[in-house]
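To start, the structure under review is shown below, and the notes come after it.
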Amino acid sequence: NQPHTKKVLRTASSLGIKRYRLAYYRYDLGRPIIPQLDALKPVLRDLVAFHRELGLQGLYQNHAGATSVGAPIWDLHYLMQKYSPEDLAIAFDIRHATVEGGLAWPLHFRLARPHLGAIYVKDFRWQEDRKPKNVPLGTGRIDPKFFAQARSAGFSGPLSLHVEYLPDAGLAPNVAALKNDLATLRRLWR
C-alpha cells in the first residue's frame, strides 16, 4: 500500500531485476498472533499476483526478535505454503534462524527448503547480557554443518554474505572483512 511500490517494482522488472527483498512485518504482541498472520494473507495474495504479472520473485527474510513475523519459520510456512517459490520465497538467514531456534536450525531449514529463494550468511555469539553480537563468519555459533546441508539440498540460488559486525569501521575495514568472510564461506561451502 505504499505509494511508490508498484512504480518501483515495475521499473525493477523492466530493468531485468528478477528478485527483491520485501519489507518486514511486525507483530503487535498485545493481540493474538494467528489473526495477525491471517490479516497478511490477502496482502501477500495481491503481492504474488503482482509478482506474476511482472515476473518478479519477492524474498522475505526470516529475522530474529519477538515482534518479527518470520522469526519462527513456521510463520513463513503458514503464509507461503500455497504459493510457488518463483513468486514468493524465503531468504533464509542462518544467523537469525540459529538465534531463534538454537539447535533446531536443521528443522527450520528443512521447513524453509521448499520455498527457498536465497540464503543470507552471517554469524554471531551470545553476550553475557543474553543478546546476540555479530562476529566474523566461522567464529560464532553458526553450525558449519548448515553449509553442507544447504549444498546437499541442491540449493543453487544466491548466497548473500552480510558483514554486520563493523557498523562504524569505515570502508577499508569492511572490505577486508568481506574478503575474509568470503574466504571462510568458500571453505565452508565445499
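FYI, nothing fancy with the C-alpha cells labels: chains A, B, ... in order, residues from 1 per chain, ligands from 1 as they appear.
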
Which of region 49-108 of chain A fall in alpha helix (DSSP H), as an MDAnalysis selection string: chainID A and resid 49:54 73:80 94:101 105:108

Polymer residues at most 8 Å from Ala148 (chain A), only C-alpha atoms, same-chain spacing of 6 or more positions, as an MDAnalysis selection string: chainID A and resid 188:190

May I have the residues from that selection written out with C-alpha atoms, as a PDB file, in the first residue's frame?
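Saved as again.pdb:
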ATOM      1  CA  LEU A 188      32.516 -23.928   4.441  1.00  0.00           C
ATOM      2  CA  TRP A 189      30.562 -24.422   1.201  1.00  0.00           C
ATOM      3  CA  ARG A 190      32.905 -27.185  -0.060  1.00  0.00           C
TER       4      ARG A 190
END

Selection near Leu47 (chain A), 10 Å with only C-alpha atoms, sequence-local residues under 4 positions removed, as a short mmCIF file (atom, residue, chain, number, x, y, z; two decimals) with N, CA, C and O atoms, in the first residue's frame:
data_model
loop_
_atom_site.label_atom_id
_atom_site.label_comp_id
_atom_site.auth_asym_id
_atom_site.auth_seq_id
_atom_site.Cartn_x
_atom_site.Cartn_y
_atom_site.Cartn_z
N LYS A 6 4.35 0.01 -6.56
CA LYS A 6 4.08 -0.55 -7.89
C LYS A 6 5.02 0.06 -8.94
O LYS A 6 5.54 -0.66 -9.79
N LYS A 41 -2.45 -12.57 4.84
CA LYS A 41 -2.69 -13.46 3.69
C LYS A 41 -3.24 -12.71 2.47
O LYS A 41 -2.74 -12.91 1.36
N PRO A 42 -4.24 -11.83 2.61
CA PRO A 42 -4.70 -11.13 1.40
C PRO A 42 -3.66 -10.15 0.86
O PRO A 42 -3.59 -9.91 -0.35
N VAL A 43 -2.84 -9.60 1.73
CA VAL A 43 -1.76 -8.70 1.29
C VAL A 43 -0.79 -9.48 0.42
O VAL A 43 -0.40 -9.04 -0.68
N HIS A 51 3.58 -9.93 -8.57
CA HIS A 51 4.84 -10.58 -8.92
C HIS A 51 4.69 -11.38 -10.22
O HIS A 51 5.54 -11.32 -11.11
N ARG A 52 3.61 -12.14 -10.32
CA ARG A 52 3.37 -12.96 -11.52
C ARG A 52 3.24 -12.07 -12.76
O ARG A 52 3.75 -12.41 -13.82
N GLU A 53 2.54 -10.96 -12.61
CA GLU A 53 2.37 -10.03 -13.73
C GLU A 53 3.72 -9.49 -14.21
O GLU A 53 3.94 -9.33 -15.41
N GLY A 58 9.53 -12.20 -4.95
CA GLY A 58 9.70 -11.48 -3.69
C GLY A 58 10.36 -12.40 -2.68
O GLY A 58 10.00 -13.57 -2.57
N ASP A 87 7.37 -17.01 -7.16
CA ASP A 87 6.64 -15.76 -6.90
C ASP A 87 6.96 -15.17 -5.53
O ASP A 87 7.07 -13.95 -5.38
N LEU A 88 7.07 -16.04 -4.54
CA LEU A 88 7.30 -15.60 -3.15
C LEU A 88 8.16 -16.65 -2.47
O LEU A 88 7.78 -17.82 -2.41
#

Within 12 Å of Asn180 (chain A) using only C-alpha atoms, minus same-chain residues under 4 positions, as number ranges by chain: A: 135-139, 161-163, 173-176, 184-187

Those residues you just picked out, can you put them in a file as a tab-separated table (two decimals), in the first residue's frame with all heavy atoms?
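And here's out_33.tsv as it stands now:
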chain	number	residue	atom	x	y	z
A	135	VAL	N	29.59	-11.35	14.61
A	135	VAL	CA	31.03	-11.62	14.60
A	135	VAL	C	31.43	-12.13	13.22
A	135	VAL	O	30.57	-12.50	12.40
A	135	VAL	CB	31.41	-12.66	15.68
A	135	VAL	CG1	31.11	-12.15	17.09
A	135	VAL	CG2	30.71	-13.99	15.44
A	136	PRO	N	32.72	-12.20	12.92
A	136	PRO	CA	33.17	-12.74	11.63
A	136	PRO	C	32.66	-14.17	11.41
A	136	PRO	O	32.56	-14.95	12.35
A	136	PRO	CB	34.70	-12.70	11.73
A	136	PRO	CG	34.97	-11.59	12.70
A	136	PRO	CD	33.86	-11.67	13.71
A	137	LEU	N	32.35	-14.48	10.17
A	137	LEU	CA	31.85	-15.80	9.82
A	137	LEU	C	32.85	-16.87	10.24
A	137	LEU	O	34.05	-16.73	10.02
A	137	LEU	CB	31.61	-15.88	8.30
A	137	LEU	CG	30.97	-17.17	7.80
A	137	LEU	CD1	29.60	-17.38	8.42
A	137	LEU	CD2	30.87	-17.13	6.29
A	138	GLY	N	32.33	-17.91	10.86
A	138	GLY	CA	33.18	-19.02	11.29
A	138	GLY	C	33.72	-18.88	12.70
A	138	GLY	O	34.37	-19.79	13.19
A	139	THR	N	33.43	-17.75	13.36
A	139	THR	CA	33.94	-17.55	14.72
A	139	THR	C	32.83	-17.56	15.77
A	139	THR	O	33.10	-17.33	16.94
A	139	THR	CB	34.71	-16.21	14.83
A	139	THR	OG1	33.80	-15.12	14.65
A	139	THR	CG2	35.83	-16.14	13.82
A	161	LEU	N	26.26	-12.65	1.52
A	161	LEU	CA	27.17	-12.59	2.67
A	161	LEU	C	27.02	-11.22	3.34
A	161	LEU	O	27.18	-10.19	2.70
A	161	LEU	CB	28.61	-12.80	2.19
A	161	LEU	CG	29.70	-12.75	3.25
A	161	LEU	CD1	29.51	-13.85	4.28
A	161	LEU	CD2	31.06	-12.89	2.56
A	162	HIS	N	26.70	-11.23	4.62
A	162	HIS	CA	26.48	-9.98	5.36
A	162	HIS	C	27.61	-9.78	6.36
A	162	HIS	O	27.94	-10.67	7.13
A	162	HIS	CB	25.17	-10.03	6.14
A	162	HIS	CG	23.97	-10.15	5.26
A	162	HIS	ND1	22.72	-9.78	5.69
A	162	HIS	CD2	23.80	-10.59	3.99
A	162	HIS	CE1	21.84	-9.98	4.72
A	162	HIS	NE2	22.48	-10.50	3.68
A	163	VAL	N	28.19	-8.60	6.36
A	163	VAL	CA	29.18	-8.22	7.37
A	163	VAL	C	28.55	-7.10	8.19
A	163	VAL	O	28.52	-5.95	7.77
A	163	VAL	CB	30.50	-7.74	6.72
A	163	VAL	CG1	31.46	-7.21	7.77
A	163	VAL	CG2	31.15	-8.88	5.95
A	173	PRO	N	38.10	-1.32	6.41
A	173	PRO	CA	37.95	-2.50	7.28
A	173	PRO	C	36.78	-3.40	6.87
A	173	PRO	O	36.86	-4.62	7.00
A	173	PRO	CB	37.70	-1.90	8.67
A	173	PRO	CG	38.24	-0.51	8.59
A	173	PRO	CD	38.05	-0.07	7.18
A	174	ASN	N	35.70	-2.82	6.34
A	174	ASN	CA	34.56	-3.63	5.91
A	174	ASN	C	34.89	-4.43	4.65
A	174	ASN	O	34.48	-5.58	4.52
A	174	ASN	CB	33.32	-2.76	5.71
A	174	ASN	CG	32.56	-2.56	7.00
A	174	ASN	OD1	31.82	-3.44	7.43
A	174	ASN	ND2	32.77	-1.43	7.65
A	175	VAL	N	35.64	-3.85	3.74
A	175	VAL	CA	36.07	-4.58	2.54
A	175	VAL	C	36.99	-5.74	2.95
A	175	VAL	O	36.84	-6.86	2.45
A	175	VAL	CB	36.74	-3.64	1.52
A	175	VAL	CG1	37.43	-4.44	0.41
A	175	VAL	CG2	35.72	-2.68	0.93
A	176	ALA	N	37.91	-5.48	3.87
A	176	ALA	CA	38.80	-6.55	4.35
A	176	ALA	C	37.99	-7.66	5.03
A	176	ALA	O	38.25	-8.85	4.82
A	176	ALA	CB	39.84	-5.98	5.30
A	184	THR	N	36.11	-17.67	4.10
A	184	THR	CA	35.53	-18.62	5.04
A	184	THR	C	34.31	-19.30	4.43
A	184	THR	O	34.14	-20.52	4.53
A	184	THR	CB	35.16	-17.92	6.36
A	184	THR	OG1	36.34	-17.33	6.92
A	184	THR	CG2	34.54	-18.88	7.35
A	185	LEU	N	33.45	-18.52	3.78
A	185	LEU	CA	32.25	-19.08	3.16
A	185	LEU	C	32.62	-20.10	2.08
A	185	LEU	O	32.02	-21.18	2.02
A	185	LEU	CB	31.39	-17.96	2.56
A	185	LEU	CG	30.13	-18.40	1.82
A	185	LEU	CD1	29.22	-19.23	2.70
A	185	LEU	CD2	29.40	-17.18	1.28
A	186	ARG	N	33.60	-19.78	1.27
A	186	ARG	CA	34.03	-20.73	0.23
A	186	ARG	C	34.54	-22.03	0.85
A	186	ARG	O	34.25	-23.12	0.35
A	186	ARG	CB	35.11	-20.10	-0.63
A	186	ARG	CG	34.56	-19.09	-1.60
A	186	ARG	CD	35.63	-18.52	-2.49
A	186	ARG	NE	35.03	-17.71	-3.55
A	186	ARG	CZ	35.55	-16.59	-4.00
A	186	ARG	NH1	36.68	-16.12	-3.49
A	186	ARG	NH2	34.94	-15.92	-4.95
A	187	ARG	N	35.27	-21.92	1.94
A	187	ARG	CA	35.77	-23.12	2.64
A	187	ARG	C	34.62	-23.93	3.23
A	187	ARG	O	34.57	-25.15	3.10
A	187	ARG	CB	36.75	-22.70	3.74
A	187	ARG	CG	37.33	-23.87	4.54
A	187	ARG	CD	38.32	-23.41	5.61
A	187	ARG	NE	37.85	-22.34	6.46
A	187	ARG	CZ	37.02	-22.47	7.49
A	187	ARG	NH1	36.52	-23.65	7.81
A	187	ARG	NH2	36.67	-21.42	8.23

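A straight line drawn from CA of Lys18 (chain A) to CA of Gln81 (chain A) is 20.9 Å long.
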
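You can rank A:Ile142, A:Ile33, A:Leu76, A:Ala183 by their closest distance to Leu103 (chain A) using only C-alpha atoms, and at the top of that list sits A:Ile142.
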
Could the residues of region 45-95 of chain A that have an atom at most 6 Å from region 104-116 of chain A be listed as CSV, each with its closest atom pair and the distance in Å to one decimal, counting only C-alpha atoms and ordered by chain and ascending residue number?
residue,atom,partner,partner_atom,distance
A:Ile73,CA,A:His108,CA,5.9
A:Pro85,CA,A:His115,CA,4.9
A:Ala89,CA,A:His115,CA,4.9
A:Ile90,CA,A:Leu116,CA,4.9

Those same residues, written as a compact mmCIF listing (two decimals), in the first residue's frame with C-alpha atoms?
# COMPACT_ATOMS: atom_id res chain seq x y z
CA ILE A 73 9.98 -20.17 10.29
CA PRO A 85 8.68 -20.04 -4.70
CA ALA A 89 10.28 -17.19 -1.43
CA ILE A 90 12.24 -17.23 1.79

d(CA of Ala118 (chain A), CA of Pro167 (chain A)) in Å: 23.3 Å

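CA of Lys133 (chain A) to CA of Ser68 (chain A) spans 18.0 Å [interatomic distance, one decimal].
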
Pick from A:Gly70, A:Arg95, A:Pro132, A:Arg45, whichever lies nearest to Lys82 (chain A) using only C-alpha atoms: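 Among the listed residues, A:Arg45 lies closest to Lys82 (chain A).
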